[in-house]
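Enquirer: The following file, run.csv, comprises CSV, N, CA and C atoms:
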chain,number,residue,atom,x,y,z
A,12,MET,N,44.7,87.3,111.7
A,12,MET,CA,44.5,88.7,111.6
A,12,MET,C,44.8,89.1,110.2
A,13,GLU,N,45.9,88.7,109.6
A,13,GLU,CA,46.3,89.1,108.2
A,13,GLU,C,45.3,88.5,107.2
A,14,GLY,N,44.9,87.3,107.4
A,14,GLY,CA,44.0,86.6,106.5
A,14,GLY,C,42.7,87.4,106.4
A,15,GLU,N,42.2,87.9,107.5
A,15,GLU,CA,41.0,88.7,107.5
A,15,GLU,C,41.1,89.9,106.6
A,16,GLN,N,42.2,90.6,106.6
A,16,GLN,CA,42.4,91.7,105.7
A,16,GLN,C,42.4,91.3,104.3
A,17,GLN,N,43.0,90.2,103.9
A,17,GLN,CA,43.2,89.8,102.6
A,17,GLN,C,41.8,89.4,102.0
A,18,GLU,N,40.9,88.9,102.8
A,18,GLU,CA,39.6,88.4,102.3
A,18,GLU,C,38.8,89.6,101.9
A,19,ARG,N,38.8,90.7,102.6
A,19,ARG,CA,38.0,91.9,102.3
A,19,ARG,C,38.7,92.9,101.4
A,20,GLY,N,40.0,92.8,101.2
A,20,GLY,CA,40.7,93.8,100.4
A,20,GLY,C,41.1,95.0,101.2
A,21,ALA,N,42.2,95.6,100.7
A,21,ALA,CA,42.8,96.7,101.5
A,21,ALA,C,41.9,97.9,101.4
A,22,GLN,N,41.8,98.6,102.5
A,22,GLN,CA,41.0,99.9,102.6
A,22,GLN,C,41.9,100.9,103.3
A,23,PRO,N,43.1,101.3,102.7
A,23,PRO,CA,44.1,102.0,103.5
A,23,PRO,C,43.7,103.4,103.9
A,24,PHE,N,42.6,103.9,103.4
A,24,PHE,CA,42.1,105.3,103.8
A,24,PHE,C,41.0,105.2,104.8
A,25,ALA,N,40.5,104.1,105.1
A,25,ALA,CA,39.4,103.9,106.0
A,25,ALA,C,39.6,104.6,107.4
A,26,HIS,N,40.8,104.6,107.8
A,26,HIS,CA,41.1,105.2,109.2
A,26,HIS,C,40.8,106.7,109.2
A,27,LEU,N,40.8,107.4,108.1
A,27,LEU,CA,40.6,108.8,108.1
A,27,LEU,C,39.2,109.2,108.5
A,28,GLY,N,38.2,108.4,108.3
A,28,GLY,CA,36.9,108.7,108.7
A,28,GLY,C,36.4,108.0,109.9
A,29,ALA,N,37.3,107.2,110.6
A,29,ALA,CA,36.9,106.4,111.7
A,29,ALA,C,37.1,107.2,113.0
A,30,PRO,N,36.3,106.8,114.1
A,30,PRO,CA,36.6,107.4,115.4
A,30,PRO,C,38.1,107.1,115.7
A,31,ASN,N,38.7,108.0,116.5
A,31,ASN,CA,40.1,107.9,116.8
A,31,ASN,C,41.0,108.0,115.6
A,32,ALA,N,40.6,108.8,114.6
A,32,ALA,CA,41.4,109.0,113.4
A,32,ALA,C,42.7,109.6,113.7
A,33,ALA,N,42.8,110.4,114.7
A,33,ALA,CA,44.1,111.1,115.1
A,33,ALA,C,45.1,110.0,115.6
A,34,LEU,N,44.6,109.1,116.4
A,34,LEU,CA,45.5,108.0,116.9
A,34,LEU,C,46.0,107.1,115.7
A,35,TYR,N,45.1,106.8,114.8
A,35,TYR,CA,45.5,106.0,113.6
A,35,TYR,C,46.6,106.8,112.8
A,36,ARG,N,46.4,108.1,112.6
A,36,ARG,CA,47.3,108.9,111.8
A,36,ARG,C,48.7,108.9,112.6
A,37,ASP,N,48.6,109.1,113.9
A,37,ASP,CA,49.9,109.1,114.7
A,37,ASP,C,50.6,107.8,114.6
A,38,VAL,N,49.9,106.7,114.7
A,38,VAL,CA,50.5,105.3,114.6
A,38,VAL,C,51.1,105.1,113.2
A,39,LEU,N,50.4,105.5,112.2
A,39,LEU,CA,50.9,105.3,110.8
A,39,LEU,C,52.2,106.2,110.6
A,40,GLN,N,52.2,107.3,111.1
A,40,GLN,CA,53.3,108.2,111.0
A,40,GLN,C,54.5,107.6,111.7
A,41,VAL,N,54.3,106.9,112.8
A,41,VAL,CA,55.5,106.2,113.5
A,41,VAL,C,56.0,105.2,112.5
A,42,PHE,N,55.2,104.4,111.8
A,42,PHE,CA,55.7,103.4,110.9
A,42,PHE,C,56.4,104.0,109.7
A,43,ALA,N,55.8,105.2,109.2
A,43,ALA,CA,56.4,105.8,108.1
A,43,ALA,C,57.8,106.4,108.4
A,44,ARG,N,58.0,106.9,109.6
A,44,ARG,CA,59.3,107.4,110.1
A,44,ARG,C,60.2,106.3,110.2
A,45,ALA,N,59.8,105.1,110.8
A,45,ALA,CA,60.6,104.0,111.0
A,45,ALA,C,61.1,103.4,109.6
A,46,LYS,N,60.2,103.4,108.7
A,46,LYS,CA,60.6,102.9,107.3
A,46,LYS,C,61.7,103.8,106.7
A,47,GLU,N,61.6,105.1,107.0
A,47,GLU,CA,62.7,106.0,106.5
A,47,GLU,C,64.0,105.7,107.1
A,48,ARG,N,64.0,105.2,108.3
A,48,ARG,CA,65.2,104.8,109.0
A,48,ARG,C,65.6,103.3,108.8
A,49,PHE,N,64.9,102.7,107.8
A,49,PHE,CA,65.1,101.3,107.4
A,49,PHE,C,64.8,100.3,108.5
A,50,THR,N,63.8,100.7,109.4
A,50,THR,CA,63.3,99.8,110.4
A,50,THR,C,62.0,99.2,109.9
A,51,VAL,N,62.0,97.9,109.7
A,51,VAL,CA,60.9,97.3,109.1
A,51,VAL,C,59.8,96.9,110.0
A,52,HIS,N,60.1,96.2,111.1
A,52,HIS,CA,59.1,95.7,112.1
A,52,HIS,C,59.1,96.5,113.4
A,53,LEU,N,57.9,96.8,113.9
A,53,LEU,CA,57.8,97.4,115.2
A,53,LEU,C,56.9,96.6,116.1
A,54,ARG,N,57.2,96.6,117.3
A,54,ARG,CA,56.3,95.9,118.3
A,54,ARG,C,55.4,97.0,118.9
A,55,PRO,N,54.3,96.6,119.5
A,55,PRO,CA,53.4,97.7,120.1
A,55,PRO,C,54.1,98.6,121.1
A,56,GLU,N,55.1,98.0,121.9
A,56,GLU,CA,55.8,98.9,122.8
A,56,GLU,C,56.7,99.9,122.1
A,57,ASP,N,57.2,99.5,120.9
A,57,ASP,CA,58.0,100.5,120.1
A,57,ASP,C,57.1,101.7,119.7
A,58,VAL,N,56.0,101.4,119.2
A,58,VAL,CA,55.0,102.4,118.8
A,58,VAL,C,54.6,103.3,120.0
A,59,ALA,N,54.3,102.6,121.1
A,59,ALA,CA,53.9,103.4,122.3
A,59,ALA,C,55.0,104.3,122.7
A,60,SER,N,56.3,103.8,122.7
A,60,SER,CA,57.4,104.6,123.1
A,60,SER,C,57.6,105.8,122.2
A,61,ASP,N,57.5,105.6,120.9
A,61,ASP,CA,57.6,106.7,120.0
A,61,ASP,C,56.5,107.8,120.1
A,62,LEU,N,55.3,107.3,120.5
A,62,LEU,CA,54.2,108.2,120.7
A,62,LEU,C,54.2,108.9,122.1
A,63,GLY,N,55.1,108.4,123.0
A,63,GLY,CA,55.1,108.9,124.4
A,63,GLY,C,53.9,108.5,125.2
A,64,ARG,N,53.4,107.3,125.0
A,64,ARG,CA,52.2,106.9,125.7
A,64,ARG,C,52.4,105.4,126.2
A,65,GLU,N,51.4,104.9,126.9
A,65,GLU,CA,51.5,103.6,127.4
A,65,GLU,C,51.1,102.6,126.3
A,66,ASP,N,51.7,101.4,126.4
A,66,ASP,CA,51.3,100.3,125.5
A,66,ASP,C,50.0,99.7,126.0
A,67,ASP,N,48.9,100.4,125.7
A,67,ASP,CA,47.6,100.0,126.3
A,67,ASP,C,46.7,99.3,125.3
A,68,GLU,N,45.5,98.9,125.8
A,68,GLU,CA,44.6,98.2,124.9
A,68,GLU,C,44.1,99.0,123.7
A,69,GLN,N,43.9,100.3,123.9
A,69,GLN,CA,43.5,101.2,122.8
A,69,GLN,C,44.5,101.2,121.7
A,70,LEU,N,45.8,101.2,122.0
A,70,LEU,CA,46.9,101.2,121.0
A,70,LEU,C,46.9,99.8,120.3
A,71,VAL,N,46.7,98.7,121.0
A,71,VAL,CA,46.7,97.4,120.5
A,71,VAL,C,45.5,97.3,119.5
A,72,GLN,N,44.3,97.8,119.9
A,72,GLN,CA,43.2,97.7,119.1
A,72,GLN,C,43.4,98.6,117.8
A,73,ALA,N,44.1,99.7,117.9
A,73,ALA,CA,44.3,100.5,116.7
A,73,ALA,C,45.2,99.8,115.8
A,74,LEU,N,46.2,99.1,116.3
A,74,LEU,CA,47.1,98.3,115.4
A,74,LEU,C,46.4,97.2,114.7
A,75,GLU,N,45.5,96.5,115.4
A,75,GLU,CA,44.7,95.5,114.9
A,75,GLU,C,43.7,96.0,113.8
A,76,LYS,N,43.2,97.2,114.0
A,76,LYS,CA,42.3,97.8,113.0
A,76,LYS,C,43.0,98.1,111.8
A,77,LEU,N,44.3,98.7,111.9
A,77,LEU,CA,45.1,99.0,110.8
A,77,LEU,C,45.5,97.8,110.0
A,78,VAL,N,45.7,96.7,110.7
A,78,VAL,CA,45.9,95.4,110.0
A,78,VAL,C,44.7,95.0,109.1
A,79,GLU,N,43.5,95.2,109.8
A,79,GLU,CA,42.2,94.8,109.1
A,79,GLU,C,42.0,95.7,107.9
A,80,TRP,N,42.4,96.9,107.9
A,80,TRP,CA,42.2,97.8,106.8
A,80,TRP,C,43.3,97.7,105.7
A,81,GLY,N,44.4,97.0,106.1
A,81,GLY,CA,45.4,96.7,105.1
A,81,GLY,C,46.6,97.7,105.2
A,82,ASN,N,46.6,98.6,106.1
A,82,ASN,CA,47.7,99.5,106.3
A,82,ASN,C,49.0,98.9,106.9
A,83,LEU,N,48.7,97.9,107.8
A,83,LEU,CA,49.8,97.2,108.5
A,83,LEU,C,49.7,95.7,108.2
A,84,ARG,N,50.8,95.0,108.4
A,84,ARG,CA,50.8,93.6,108.4
A,84,ARG,C,51.3,93.1,109.8
A,85,ALA,N,50.7,92.0,110.3
A,85,ALA,CA,51.1,91.5,111.6
A,85,ALA,C,51.7,90.1,111.4
A,86,ASP,N,52.9,89.9,111.9
A,86,ASP,CA,53.6,88.7,111.9
A,86,ASP,C,53.8,88.2,113.4
A,87,ALA,N,53.8,86.9,113.6
A,87,ALA,CA,54.0,86.4,114.9
A,87,ALA,C,55.4,86.8,115.4
A,88,ASP,N,55.5,87.3,116.6
A,88,ASP,CA,56.7,87.7,117.2
A,88,ASP,C,57.2,86.6,118.1
A,89,THR,N,58.1,85.8,117.6
A,89,THR,CA,58.7,84.7,118.4
A,89,THR,C,60.1,85.0,118.9
A,90,GLY,N,60.6,86.2,118.6
A,90,GLY,CA,61.9,86.6,118.9
A,90,GLY,C,62.3,86.7,120.4
A,91,ARG,N,61.3,86.9,121.2
A,91,ARG,CA,61.6,87.0,122.7
A,91,ARG,C,60.9,85.9,123.5
A,92,VAL,N,60.7,84.8,122.9
A,92,VAL,CA,60.0,83.7,123.6
A,92,VAL,C,61.0,82.9,124.4
A,93,THR,N,60.8,82.9,125.7
A,93,THR,CA,61.7,82.2,126.6
A,93,THR,C,61.0,81.0,127.4
A,94,THR,N,59.7,81.1,127.4
A,94,THR,CA,58.9,80.0,128.1
A,94,THR,C,57.8,79.5,127.2
A,95,VAL,N,57.2,78.4,127.5
A,95,VAL,CA,56.1,77.8,126.8
A,95,VAL,C,54.9,78.8,126.9
A,96,GLU,N,54.7,79.5,128.0
A,96,GLU,CA,53.7,80.5,128.2
A,96,GLU,C,53.9,81.6,127.2
A,97,ASP,N,55.1,82.1,127.0
A,97,ASP,CA,55.4,83.2,126.1
A,97,ASP,C,55.0,82.7,124.7
A,98,PHE,N,55.3,81.5,124.3
A,98,PHE,CA,55.0,81.0,123.0
A,98,PHE,C,53.5,81.0,122.7
A,99,HIS,N,52.7,80.7,123.7
A,99,HIS,CA,51.3,80.7,123.4
A,99,HIS,C,50.6,82.0,123.6
A,100,ARG,N,51.3,83.0,124.1
A,100,ARG,CA,50.7,84.4,124.2
A,100,ARG,C,50.8,85.1,122.9
A,101,LYS,N,49.7,85.8,122.5
A,101,LYS,CA,49.7,86.4,121.2
A,101,LYS,C,50.7,87.6,121.2
A,102,ARG,N,51.7,87.6,120.4
A,102,ARG,CA,52.6,88.7,120.3
A,102,ARG,C,52.8,88.9,118.8
A,103,PHE,N,52.8,90.2,118.4
A,103,PHE,CA,53.0,90.5,116.9
A,103,PHE,C,54.0,91.5,116.7
A,104,LEU,N,54.7,91.4,115.6
A,104,LEU,CA,55.5,92.4,115.0
A,104,LEU,C,54.7,93.0,113.9
A,105,PHE,N,54.7,94.3,113.8
A,105,PHE,CA,53.8,95.0,112.8
A,105,PHE,C,54.7,95.7,111.7
A,106,GLN,N,54.3,95.7,110.5
A,106,GLN,CA,55.0,96.3,109.4
A,106,GLN,C,54.1,97.0,108.5
A,107,LEU,N,54.5,98.1,108.0
A,107,LEU,CA,53.7,98.9,107.0
A,107,LEU,C,53.6,98.1,105.7
A,108,THR,N,52.4,98.0,105.2
A,108,THR,CA,52.2,97.3,103.9
A,108,THR,C,52.5,98.2,102.7
A,109,PRO,N,52.7,97.7,101.5
A,109,PRO,CA,52.8,98.6,100.4
A,109,PRO,C,51.6,99.6,100.2
A,110,GLU,N,50.4,99.0,100.5
A,110,GLU,CA,49.2,99.9,100.4
A,110,GLU,C,49.2,100.9,101.5
A,111,GLY,N,49.6,100.6,102.7
A,111,GLY,CA,49.7,101.5,103.8
A,111,GLY,C,50.7,102.6,103.5
A,112,HIS,N,51.8,102.2,103.0
A,112,HIS,CA,52.9,103.1,102.6
A,112,HIS,C,52.4,104.1,101.6
A,113,ALA,N,51.8,103.6,100.5
A,113,ALA,CA,51.2,104.4,99.4
A,113,ALA,C,50.2,105.4,100.0
A,114,ALA,N,49.3,105.0,100.9
A,114,ALA,CA,48.3,105.9,101.5
A,114,ALA,C,49.0,107.0,102.3
A,115,GLU,N,50.0,106.6,103.1
A,115,GLU,CA,50.8,107.6,103.9
A,115,GLU,C,51.4,108.6,103.0
A,116,GLN,N,52.0,108.2,101.9
A,116,GLN,CA,52.6,109.1,100.9
A,116,GLN,C,51.6,110.0,100.3
A,117,ALA,N,50.5,109.5,99.9
A,117,ALA,CA,49.4,110.3,99.3
A,117,ALA,C,48.9,111.3,100.3
A,118,ILE,N,48.7,110.9,101.6
A,118,ILE,CA,48.2,111.9,102.6
A,118,ILE,C,49.2,113.0,102.9
A,119,ALA,N,50.5,112.6,103.0
A,119,ALA,CA,51.5,113.6,103.2
A,119,ALA,C,51.6,114.6,102.0
A,120,PHE,N,51.5,114.0,100.8
A,120,PHE,CA,51.5,114.9,99.6
A,120,PHE,C,50.3,115.9,99.6
A,121,TYR,N,49.1,115.4,100.0
A,121,TYR,CA,47.9,116.2,100.1
A,121,TYR,C,48.1,117.3,101.1
A,122,GLU,N,48.6,116.9,102.3
A,122,GLU,CA,48.7,117.9,103.4
A,122,GLU,C,49.8,118.9,103.0
A,123,GLU,N,50.8,118.5,102.3
A,123,GLU,CA,51.9,119.5,101.9
A,123,GLU,C,51.3,120.4,100.9
A,124,ALA,N,50.5,119.9,99.9
A,124,ALA,CA,50.0,120.7,98.9
A,124,ALA,C,49.0,121.7,99.4
A,125,ILE,N,48.1,121.3,100.3
A,125,ILE,CA,47.2,122.2,101.0
A,125,ILE,C,47.9,123.3,101.8
A,126,GLY,N,48.9,122.9,102.5
A,126,GLY,CA,49.7,123.9,103.3
A,126,GLY,C,50.3,124.9,102.4
A,127,ARG,N,50.9,124.4,101.3
A,127,ARG,CA,51.6,125.3,100.4
A,127,ARG,C,50.6,126.3,99.7
A,128,ARG,N,49.5,125.7,99.3
A,128,ARG,CA,48.4,126.5,98.6
A,128,ARG,C,47.9,127.5,99.5
A,129,GLY,N,47.7,127.1,100.8
A,129,GLY,CA,47.2,128.1,101.8
A,129,GLY,C,48.1,129.2,102.0
A,130,ALA,N,49.4,128.9,102.0
A,130,ALA,CA,50.4,129.9,102.2
A,130,ALA,C,50.5,130.9,101.0
A,131,LEU,N,50.3,130.3,99.8
A,131,LEU,CA,50.3,131.1,98.6
A,131,LEU,C,49.1,132.0,98.6
A,132,GLN,N,48.0,131.5,99.0
A,132,GLN,CA,46.7,132.3,99.1
A,132,GLN,C,46.9,133.5,100.0
A,133,SER,N,47.5,133.2,101.2
A,133,SER,CA,47.7,134.3,102.1
A,133,SER,C,48.6,135.4,101.5
A,134,VAL,N,49.7,135.0,100.8
A,134,VAL,CA,50.5,136.0,100.2
A,134,VAL,C,49.7,136.8,99.1
A,135,ALA,N,49.0,136.0,98.3
A,135,ALA,CA,48.2,136.6,97.3
A,135,ALA,C,47.1,137.6,97.8
A,136,LEU,N,46.5,137.2,98.9
A,136,LEU,CA,45.6,138.1,99.6
A,136,LEU,C,46.2,139.4,100.1
A,137,ALA,N,47.4,139.3,100.6
A,137,ALA,CA,48.2,140.5,101.1
A,137,ALA,C,48.5,141.4,99.9
A,138,ASP,N,48.9,140.8,98.8
A,138,ASP,CA,49.2,141.6,97.5
A,138,ASP,C,47.9,142.3,97.0
A,139,ILE,N,46.8,141.5,97.1
A,139,ILE,CA,45.5,142.1,96.6
A,139,ILE,C,45.1,143.3,97.5
A,140,ALA,N,45.3,143.1,98.8
A,140,ALA,CA,45.0,144.2,99.8
A,140,ALA,C,45.9,145.4,99.5
A,141,ASP,N,47.1,145.2,99.2
A,141,ASP,CA,48.1,146.3,98.9
A,141,ASP,C,47.6,147.0,97.7
A,142,GLN,N,47.2,146.3,96.7
A,142,GLN,CA,46.8,146.9,95.4
A,142,GLN,C,45.5,147.7,95.6
A,143,LEU,N,44.6,147.2,96.4
A,143,LEU,CA,43.4,147.9,96.7
A,143,LEU,C,43.6,149.2,97.4
A,144,GLU,N,44.6,149.2,98.3
A,144,GLU,CA,44.9,150.4,99.1
A,144,GLU,C,45.6,151.4,98.2
A,145,ALA,N,46.4,150.9,97.2
A,145,ALA,CA,47.0,151.9,96.3
A,145,ALA,C,46.0,152.5,95.4
What's the structure tokens form of this structure?
Expert:
Amino acid sequence: MEGEQQERGAQPFAHLGAPNAALYRDVLQVFARAKERFTVHLRPEDVASDLGREDDEQLVQALEKLVEWGNLRADADTGRVTTVEDFHRKRFLFQLTPEGHAAEQAIAFYEEAIGRRGALQSVALADIADQLEA
């Protein structure tokens, strides 16, 4: 999974124009919040729990796509292996990559700037309306 991303290069903003963009944004925000709490690795069930949803195939596919785009890194999860069957079952721990973290910071900055500018415009419009009435 990780090697595939490295071959094509990181595309950490690709999720913004993809179908299910809202799910990708939600998943990446879970990782950004976890990083703020110094939590490095998350399992799919951790992400599902944080989002208040089931650990379903759609979430697993979203995680895999984010790995492909370079936002996340997937490492084999051998921490809870108790049987040979568990060892052969694909389990991953996911981690925000430097590219994914930078993209999240850029998006957060953009959203904050747009929100602030919109608020300033509303205030300015109110002032303009007051001046016109005077």
Enquirer: CA of Lys101 (chain A) and CA of Glu115 (chain A), how far apart in Å?
Expert: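 CA of Lys101 (chain A) lies at a distance of 27.4 Å from CA of Glu115 (chain A).
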Enquirer: Compare A:Gln106, A:Gln69, A:Gln22, A:Gln116 by their minimum atom-to-atom distance to Asp86 (chain A), counting only N, CA and C atoms, and give me the closest one.
Expert: A:Gln106
Enquirer: What does the structure give for the distance between atom N of Ala25 (chain A) and atom C of Leu70 (chain A), in Å to one decimal?
Expert: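 Atom-to-atom, atom N of Ala25 (chain A) and atom C of Leu70 (chain A) are spaced 17.0 Å apart.
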Enquirer: Calculate how many Å separate atom C of Leu104 (chain A) from CA of Ala43 (chain A), rounding to one decimal.
Expert: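 Taking atom C of Leu104 (chain A) as the start and CA of Ala43 (chain A) as the end point, the length is 14.2 Å.
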Enquirer: With distances taken over only C-alpha atoms, which of A:Ala32, A:Glu110, A:Phe105, A:Phe120 is nearest to Ala45 (chain A)?
Expert: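 Smallest distance to Ala45 (chain A) is found for A:Phe105.
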Enquirer: With distances taken over only N, CA and C atoms, which of A:Leu107, A:Arg102, A:Leu34, A:Asp67 is nearest to Arg84 (chain A)?
Expert: A:Leu107
Enquirer: Write out as a short mmCIF file (atom, residue, chain, number, x, y, z; two decimals) with N, CA and C atoms, in the coordinates of the input which residues come within 8 Å of Val38 (chain A) when counting only C-alpha atoms, dropping same-chain ones fewer than 2 positions away.
Expert:
data_model
loop_
_atom_site.label_atom_id
_atom_site.label_comp_id
_atom_site.auth_asym_id
_atom_site.auth_seq_id
_atom_site.Cartn_x
_atom_site.Cartn_y
_atom_site.Cartn_z
N LEU A 34 44.60 109.10 116.40
CA LEU A 34 45.50 108.00 116.90
C LEU A 34 46.00 107.10 115.70
N TYR A 35 45.10 106.80 114.80
CA TYR A 35 45.50 106.00 113.60
C TYR A 35 46.60 106.80 112.80
N ARG A 36 46.40 108.10 112.60
CA ARG A 36 47.30 108.90 111.80
C ARG A 36 48.70 108.90 112.60
N GLN A 40 52.20 107.30 111.10
CA GLN A 40 53.30 108.20 111.00
C GLN A 40 54.50 107.60 111.70
N VAL A 41 54.30 106.90 112.80
CA VAL A 41 55.50 106.20 113.50
C VAL A 41 56.00 105.20 112.50
N PHE A 42 55.20 104.40 111.80
CA PHE A 42 55.70 103.40 110.90
C PHE A 42 56.40 104.00 109.70
N VAL A 58 56.00 101.40 119.20
CA VAL A 58 55.00 102.40 118.80
C VAL A 58 54.60 103.30 120.00
N LEU A 62 55.30 107.30 120.50
CA LEU A 62 54.20 108.20 120.70
C LEU A 62 54.20 108.90 122.10
N LEU A 74 46.20 99.10 116.30
CA LEU A 74 47.10 98.30 115.40
C LEU A 74 46.40 97.20 114.70
#
Enquirer: Would you list, as a PyMOL selection string, the residues of region 21-121 of chain A that end up in alpha helix (DSSP H) under DSSP run on this structure's backbone?
Expert: chain A and resi 32-47+55-62+68-80+95-99+109-121
Enquirer: Dump region 62-124 of chain A with C-alpha atoms to a file, as a PDB file, in the first residue's frame.
Expert:
ATOM      1  CA  LEU A  62     -16.419   9.716  13.935  1.00  0.00           C
ATOM      2  CA  GLY A  63     -19.281   7.947  15.716  1.00  0.00           C
ATOM      3  CA  ARG A  64     -19.765   5.443  12.910  1.00  0.00           C
ATOM      4  CA  GLU A  65     -19.160   1.791  12.179  1.00  0.00           C
ATOM      5  CA  ASP A  66     -15.753   0.478  11.133  1.00  0.00           C
ATOM      6  CA  ASP A  67     -17.124  -0.435   7.703  1.00  0.00           C
ATOM      7  CA  GLU A  68     -15.755  -1.082   4.234  1.00  0.00           C
ATOM      8  CA  GLN A  69     -16.331   2.545   3.142  1.00  0.00           C
ATOM      9  CA  LEU A  70     -14.095   3.795   5.966  1.00  0.00           C
ATOM     10  CA  VAL A  71     -11.402   1.207   5.175  1.00  0.00           C
ATOM     11  CA  GLN A  72     -11.488   2.236   1.502  1.00  0.00           C
ATOM     12  CA  ALA A  73     -11.197   5.904   2.514  1.00  0.00           C
ATOM     13  CA  LEU A  74      -8.131   5.114   4.623  1.00  0.00           C
ATOM     14  CA  GLU A  75      -6.570   3.180   1.748  1.00  0.00           C
ATOM     15  CA  LYS A  76      -7.247   6.028  -0.690  1.00  0.00           C
ATOM     16  CA  LEU A  77      -5.672   8.544   1.707  1.00  0.00           C
ATOM     17  CA  VAL A  78      -2.588   6.300   1.851  1.00  0.00           C
ATOM     18  CA  GLU A  79      -2.525   6.207  -1.959  1.00  0.00           C
ATOM     19  CA  TRP A  80      -2.670  10.041  -2.111  1.00  0.00           C
ATOM     20  CA  GLY A  81       0.079  10.390   0.474  1.00  0.00           C
ATOM     21  CA  ASN A  82      -1.965  11.863   3.345  1.00  0.00           C
ATOM     22  CA  LEU A  83      -1.581   8.767   5.507  1.00  0.00           C
ATOM     23  CA  ARG A  84       0.970   6.039   5.971  1.00  0.00           C
ATOM     24  CA  ALA A  85      -0.034   2.427   6.652  1.00  0.00           C
ATOM     25  CA  ASP A  86       2.092   0.124   8.797  1.00  0.00           C
ATOM     26  CA  ALA A  87       1.374  -3.515   9.563  1.00  0.00           C
ATOM     27  CA  ASP A  88      -0.453  -3.849  12.880  1.00  0.00           C
ATOM     28  CA  THR A  89       0.995  -6.854  14.653  1.00  0.00           C
ATOM     29  CA  GLY A  90       0.278  -5.547  18.140  1.00  0.00           C
ATOM     30  CA  ARG A  91      -2.816  -7.653  18.729  1.00  0.00           C
ATOM     31  CA  VAL A  92      -1.830 -10.842  16.928  1.00  0.00           C
ATOM     32  CA  THR A  93      -2.696 -13.872  19.028  1.00  0.00           C
ATOM     33  CA  THR A  94      -3.168 -16.568  16.392  1.00  0.00           C
ATOM     34  CA  VAL A  95      -1.623 -17.557  13.072  1.00  0.00           C
ATOM     35  CA  GLU A  96      -4.875 -16.481  11.378  1.00  0.00           C
ATOM     36  CA  ASP A  97      -4.547 -13.023  12.962  1.00  0.00           C
ATOM     37  CA  PHE A  98      -0.996 -12.786  11.639  1.00  0.00           C
ATOM     38  CA  HIS A  99      -2.107 -13.431   8.051  1.00  0.00           C
ATOM     39  CA  ARG A 100      -5.123 -11.094   8.214  1.00  0.00           C
ATOM     40  CA  LYS A 101      -4.401  -7.611   6.825  1.00  0.00           C
ATOM     41  CA  ARG A 102      -4.401  -5.134   9.702  1.00  0.00           C
ATOM     42  CA  PHE A 103      -2.903  -1.678   9.566  1.00  0.00           C
ATOM     43  CA  LEU A 104      -2.020   1.182  11.836  1.00  0.00           C
ATOM     44  CA  PHE A 105      -2.402   4.511  10.076  1.00  0.00           C
ATOM     45  CA  GLN A 106      -0.376   7.652  10.632  1.00  0.00           C
ATOM     46  CA  LEU A 107      -0.573  11.169   9.213  1.00  0.00           C
ATOM     47  CA  THR A 108       2.351  11.806   6.849  1.00  0.00           C
ATOM     48  CA  PRO A 109       4.280  15.101   6.796  1.00  0.00           C
ATOM     49  CA  GLU A 110       2.562  15.887   3.473  1.00  0.00           C
ATOM     50  CA  GLY A 111      -0.844  15.056   4.922  1.00  0.00           C
ATOM     51  CA  HIS A 112      -0.166  17.171   7.992  1.00  0.00           C
ATOM     52  CA  ALA A 113       0.979  20.128   5.858  1.00  0.00           C
ATOM     53  CA  ALA A 114      -2.145  19.821   3.701  1.00  0.00           C
ATOM     54  CA  GLU A 115      -4.376  19.771   6.792  1.00  0.00           C
ATOM     55  CA  GLN A 116      -2.649  22.864   8.163  1.00  0.00           C
ATOM     56  CA  ALA A 117      -3.046  24.657   4.824  1.00  0.00           C
ATOM     57  CA  ILE A 118      -6.741  23.763   4.590  1.00  0.00           C
ATOM     58  CA  ALA A 119      -7.363  24.848   8.195  1.00  0.00           C
ATOM     59  CA  PHE A 120      -5.562  28.151   7.539  1.00  0.00           C
ATOM     60  CA  TYR A 121      -7.601  28.699   4.358  1.00  0.00           C
ATOM     61  CA  GLU A 122     -10.906  27.934   6.103  1.00  0.00           C
ATOM     62  CA  GLU A 123     -10.010  30.233   8.999  1.00  0.00           C
ATOM     63  CA  ALA A 124      -9.012  33.073   6.652  1.00  0.00           C
TER      64      ALA A 124
END
